[in-house]
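Enquirer: Provided below: upload_14.txt, containing compact mmCIF, N, CA and C atoms.
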# COMPACT_ATOMS: atom_id res chain seq x y z
N MET P 1 91.08 23.13 63.85
CA MET P 1 90.07 22.13 64.14
C MET P 1 89.24 22.62 65.34
N PRO P 2 87.92 22.58 65.25
CA PRO P 2 87.09 23.02 66.37
C PRO P 2 87.19 22.08 67.56
N VAL P 3 87.00 22.64 68.72
CA VAL P 3 86.98 21.85 69.95
C VAL P 3 85.53 21.76 70.42
N PHE P 4 85.02 20.54 70.54
CA PHE P 4 83.65 20.33 70.97
C PHE P 4 83.64 20.05 72.46
N ARG P 5 82.78 20.74 73.18
CA ARG P 5 82.68 20.54 74.62
C ARG P 5 81.22 20.33 74.97
N SER P 6 81.01 19.54 75.96
CA SER P 6 79.66 19.27 76.43
C SER P 6 79.74 19.03 77.92
N LYS P 7 78.76 19.51 78.65
CA LYS P 7 78.72 19.27 80.08
C LYS P 7 77.41 18.58 80.41
N GLN P 8 77.48 17.53 81.20
CA GLN P 8 76.30 16.74 81.52
C GLN P 8 76.32 16.41 83.01
N ASN P 9 75.21 16.60 83.70
CA ASN P 9 75.11 16.22 85.11
C ASN P 9 74.93 14.71 85.22
N THR P 10 75.62 14.12 86.21
CA THR P 10 75.56 12.66 86.39
C THR P 10 75.97 12.31 87.81
N THR P 11 76.18 11.02 88.06
CA THR P 11 76.63 10.53 89.36
C THR P 11 77.91 9.72 89.18
N LEU P 12 78.64 9.49 90.27
CA LEU P 12 79.84 8.64 90.19
C LEU P 12 79.48 7.23 89.76
N ALA P 13 78.35 6.73 90.23
CA ALA P 13 77.92 5.38 89.85
C ALA P 13 77.72 5.28 88.34
N ALA P 14 77.15 6.31 87.73
CA ALA P 14 76.94 6.30 86.29
C ALA P 14 78.28 6.34 85.54
N LEU P 15 79.22 7.17 86.01
CA LEU P 15 80.53 7.22 85.36
C LEU P 15 81.23 5.87 85.40
N ALA P 16 81.03 5.14 86.49
CA ALA P 16 81.70 3.86 86.70
C ALA P 16 81.01 2.69 85.99
N ALA P 17 79.82 2.91 85.47
CA ALA P 17 79.05 1.83 84.82
C ALA P 17 79.28 1.88 83.30
N ILE P 18 79.97 0.90 82.77
CA ILE P 18 80.33 0.90 81.35
C ILE P 18 79.11 0.91 80.43
N ALA P 19 77.98 0.39 80.88
CA ALA P 19 76.78 0.35 80.05
C ALA P 19 75.90 1.59 80.20
N ASP P 20 76.27 2.52 81.09
CA ASP P 20 75.48 3.73 81.27
C ASP P 20 75.57 4.61 80.02
N PRO P 21 74.48 5.28 79.66
CA PRO P 21 74.50 6.14 78.48
C PRO P 21 75.60 7.22 78.50
N ILE P 22 76.04 7.67 79.66
CA ILE P 22 77.12 8.66 79.71
C ILE P 22 78.39 8.09 79.07
N ASN P 23 78.54 6.76 79.09
CA ASN P 23 79.72 6.12 78.51
C ASN P 23 79.48 5.55 77.12
N THR P 24 78.23 5.34 76.75
CA THR P 24 77.94 4.66 75.47
C THR P 24 77.38 5.58 74.39
N SER P 25 76.94 6.77 74.76
CA SER P 25 76.29 7.64 73.79
C SER P 25 76.89 9.05 73.83
N GLY P 26 77.56 9.41 72.78
CA GLY P 26 78.08 10.77 72.68
C GLY P 26 79.32 11.06 73.51
N LYS P 27 80.04 10.04 73.92
CA LYS P 27 81.28 10.25 74.69
C LYS P 27 82.41 10.58 73.73
N PHE P 28 83.21 11.57 74.09
CA PHE P 28 84.35 11.96 73.27
C PHE P 28 85.44 12.50 74.19
N PRO P 29 86.69 12.52 73.73
CA PRO P 29 87.76 13.03 74.58
C PRO P 29 87.47 14.46 75.02
N ASN P 30 87.70 14.71 76.29
CA ASN P 30 87.49 16.02 76.92
C ASN P 30 86.03 16.37 77.20
N LYS P 31 85.10 15.43 76.98
CA LYS P 31 83.72 15.68 77.38
C LYS P 31 83.72 15.89 78.89
N ILE P 32 82.93 16.84 79.36
CA ILE P 32 82.88 17.17 80.78
C ILE P 32 81.59 16.61 81.39
N ALA P 33 81.74 15.92 82.53
CA ALA P 33 80.60 15.42 83.28
C ALA P 33 80.65 16.05 84.67
N LEU P 34 79.58 16.67 85.09
CA LEU P 34 79.50 17.27 86.42
C LEU P 34 78.81 16.28 87.36
N VAL P 35 79.56 15.79 88.35
CA VAL P 35 79.02 14.85 89.32
C VAL P 35 78.42 15.65 90.47
N VAL P 36 77.12 15.46 90.66
CA VAL P 36 76.40 16.17 91.71
C VAL P 36 75.84 15.12 92.67
N GLU P 37 76.52 14.95 93.80
CA GLU P 37 76.09 14.00 94.83
C GLU P 37 76.31 14.64 96.19
N GLY P 38 75.24 14.85 96.92
CA GLY P 38 75.37 15.47 98.24
C GLY P 38 76.05 16.82 98.14
N GLU P 39 77.19 16.96 98.79
CA GLU P 39 77.94 18.21 98.78
C GLU P 39 78.93 18.28 97.61
N THR P 40 79.03 17.20 96.83
CA THR P 40 80.04 17.13 95.78
C THR P 40 79.54 17.73 94.48
N ASN P 41 80.27 18.68 93.98
CA ASN P 41 80.06 19.21 92.62
C ASN P 41 81.43 19.17 91.98
N ARG P 42 81.77 18.06 91.37
CA ARG P 42 83.11 17.86 90.83
C ARG P 42 83.01 17.55 89.34
N GLU P 43 83.82 18.23 88.54
CA GLU P 43 83.81 17.99 87.11
C GLU P 43 84.85 16.92 86.75
N TYR P 44 84.44 16.01 85.88
CA TYR P 44 85.30 14.97 85.37
C TYR P 44 85.43 15.14 83.86
N ARG P 45 86.59 14.82 83.32
CA ARG P 45 86.87 14.95 81.89
C ARG P 45 87.11 13.56 81.33
N ALA P 46 86.43 13.25 80.22
CA ALA P 46 86.64 11.95 79.56
C ALA P 46 88.02 11.91 78.93
N LEU P 47 88.75 10.82 79.16
CA LEU P 47 90.08 10.68 78.59
C LEU P 47 90.06 10.07 77.19
N GLY P 48 88.90 9.58 76.77
CA GLY P 48 88.77 9.01 75.44
C GLY P 48 87.31 8.81 75.09
N ALA P 49 87.05 8.30 73.91
CA ALA P 49 85.68 8.14 73.42
C ALA P 49 85.09 6.75 73.68
N ALA P 50 85.92 5.76 73.97
CA ALA P 50 85.42 4.39 74.17
C ALA P 50 84.69 4.28 75.51
N PRO P 51 83.67 3.42 75.59
CA PRO P 51 82.92 3.28 76.85
C PRO P 51 83.80 2.95 78.05
N GLY P 52 84.91 2.24 77.86
CA GLY P 52 85.78 1.86 78.97
C GLY P 52 86.88 2.87 79.28
N ASP P 53 86.93 3.97 78.53
CA ASP P 53 87.94 5.00 78.81
C ASP P 53 87.60 5.74 80.09
N ALA P 54 88.62 6.06 80.84
CA ALA P 54 88.45 6.65 82.18
C ALA P 54 87.97 8.09 82.13
N TRP P 55 87.48 8.52 83.29
CA TRP P 55 87.09 9.90 83.56
C TRP P 55 88.06 10.44 84.61
N ARG P 56 88.61 11.62 84.40
CA ARG P 56 89.57 12.21 85.33
C ARG P 56 89.00 13.51 85.90
N PRO P 57 89.07 13.67 87.23
CA PRO P 57 88.61 14.93 87.83
C PRO P 57 89.45 16.09 87.30
N ARG P 58 88.80 17.17 86.97
CA ARG P 58 89.53 18.32 86.43
C ARG P 58 90.41 18.97 87.50
N ASP P 59 90.10 18.74 88.77
CA ASP P 59 90.89 19.36 89.84
C ASP P 59 91.99 18.43 90.38
N ASP P 60 92.18 17.27 89.75
CA ASP P 60 93.21 16.31 90.20
C ASP P 60 93.77 15.60 88.98
N GLN P 61 94.86 16.11 88.44
CA GLN P 61 95.44 15.57 87.22
C GLN P 61 96.44 14.44 87.48
N SER P 62 96.54 13.99 88.72
CA SER P 62 97.50 12.94 89.06
C SER P 62 97.10 11.58 88.51
N GLY P 63 95.82 11.39 88.23
CA GLY P 63 95.33 10.10 87.77
C GLY P 63 94.91 9.18 88.91
N LEU P 64 95.18 9.58 90.15
CA LEU P 64 94.85 8.75 91.30
C LEU P 64 93.34 8.68 91.57
N SER P 65 92.60 9.69 91.11
CA SER P 65 91.16 9.73 91.37
C SER P 65 90.35 9.41 90.12
N ASP P 66 91.00 8.87 89.09
CA ASP P 66 90.26 8.52 87.86
C ASP P 66 89.15 7.51 88.16
N VAL P 67 88.08 7.61 87.40
CA VAL P 67 86.98 6.65 87.46
C VAL P 67 86.99 5.90 86.12
N THR P 68 87.24 4.59 86.19
CA THR P 68 87.30 3.77 84.99
C THR P 68 86.05 2.90 84.91
N PRO P 69 85.22 3.09 83.89
CA PRO P 69 84.01 2.28 83.75
C PRO P 69 84.33 0.80 83.60
N ALA P 70 83.53 -0.01 84.26
CA ALA P 70 83.71 -1.47 84.17
C ALA P 70 82.35 -2.14 84.11
Would you mind writing the structure in this file as structure tokens?

Expert:
Amino acid sequence: MPVFRSKQNTTLAALAAIADPINTSGKFPNKIALVVEGETNREYRALGAAPGDAWRPRDDQSGLSDVTPA
């Protein structure tokens, strides 16, 4: 089965907003979002395809830094 990957630049506010297009259009498990804010260039991975599924930083797999859209 092929693995589809996509990387999209965004902000933490967008990841946290359930109605933002990053969460409502084309979201799939393992989609990568690059958060570019100030000095931060951190990649987040979608944990699922639903708009309310969390985003987890690729550099912190503990789950403590997940961003859950609401």

Enquirer: Quick one: everything within 10 Å of Ala14 (chain P), counting only C-alpha atoms, minus sequence neighbours fewer than 5 positions away in the same chain. Send it as a PDB file with N, CA and C atoms, in the frame of the given file.

Expert:
ATOM      1  N   ALA P  19      77.980   0.390  80.880  1.00  0.00           N
ATOM      2  CA  ALA P  19      76.780   0.350  80.050  1.00  0.00           C
ATOM      3  C   ALA P  19      75.900   1.590  80.200  1.00  0.00           C
ATOM      4  N   ASP P  20      76.270   2.520  81.090  1.00  0.00           N
ATOM      5  CA  ASP P  20      75.480   3.730  81.270  1.00  0.00           C
ATOM      6  C   ASP P  20      75.570   4.610  80.020  1.00  0.00           C
ATOM      7  N   PRO P  21      74.480   5.280  79.660  1.00  0.00           N
ATOM      8  CA  PRO P  21      74.500   6.140  78.480  1.00  0.00           C
ATOM      9  C   PRO P  21      75.600   7.220  78.500  1.00  0.00           C
ATOM     10  N   ILE P  22      76.040   7.670  79.660  1.00  0.00           N
ATOM     11  CA  ILE P  22      77.120   8.660  79.710  1.00  0.00           C
ATOM     12  C   ILE P  22      78.390   8.090  79.070  1.00  0.00           C
ATOM     13  N   ASN P  23      78.540   6.760  79.090  1.00  0.00           N
ATOM     14  CA  ASN P  23      79.720   6.120  78.510  1.00  0.00           C
ATOM     15  C   ASN P  23      79.480   5.550  77.120  1.00  0.00           C
ATOM     16  N   VAL P  35      79.560  15.790  88.350  1.00  0.00           N
ATOM     17  CA  VAL P  35      79.020  14.850  89.320  1.00  0.00           C
ATOM     18  C   VAL P  35      78.420  15.650  90.470  1.00  0.00           C
ATOM     19  N   PRO P  69      85.220   3.090  83.890  1.00  0.00           N
ATOM     20  CA  PRO P  69      84.010   2.280  83.750  1.00  0.00           C
ATOM     21  C   PRO P  69      84.330   0.800  83.600  1.00  0.00           C
TER      22      PRO P  69
END

Enquirer: Could you check which of P:Gly48, P:Arg42, P:Lys31, P:Arg58 is closest to Leu12 (chain P), using only C-alpha atoms?

Expert: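 Ranked by minimum distance to Leu12 (chain P), first place goes to P:Arg42.
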
Enquirer: Select, from P:Ala17, P:Pro29, P:Gln8, P:Ala70, the residue with the minimum atom-to-atom distance to Ala49 (chain P), counting only N, CA and C atoms.

Expert: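 That would be P:Pro29, the residue with the smallest distance to Ala49 (chain P).
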
Enquirer: Could you pull out the strand (DSSP E) residues of chain P from DSSP and send them as a list in words?

Expert: Lys7, Gln8, Asn9, Thr10, Ile32, Ala33, Leu34, Val35, Val36, Glu37, Thr40, Asn41, Arg42, Glu43, Tyr44, Arg45, Ala46, Trp55, Arg56 and Pro57 of chain P

Enquirer: Given the choices P:Ser25, P:Thr68, P:Asn30, P:Thr11, which gets closest to Gly52 (chain P) if the distance is worked out from all atoms listed in the file?

Expert: P:Thr68

Enquirer: If I take atom N of Asn41 (chain P) and CA of Thr24 (chain P), how far is one from the other in Å, to one decimal?

Expert: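 So the two atoms, atom N of Asn41 (chain P) and CA of Thr24 (chain P), lie 23.3 Å apart.
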
Enquirer: Check chain P with DSSP on the backbone and list each residue it calls helix (DSSP H, G or I), as number ranges by chain.

Expert: P: 12-16, 21-24

Enquirer: Would you please work out which residue, of P:Trp55, P:Glu37, P:Tyr44, P:Thr10, is nearest to Val67 (chain P) when using only C-alpha atoms?

Expert: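 The answer is P:Trp55, which sits nearest to Val67 (chain P).
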
Enquirer: So how far away is CA of Ala13 (chain P) from CA of Ala33 (chain P), in Å?

Expert: 12.3 Å

Enquirer: Can you work out the spacing between atom C of Pro57 (chain P) and atom N of Arg45 (chain P) in Å, to one decimal?

Expert: 5.1 Å
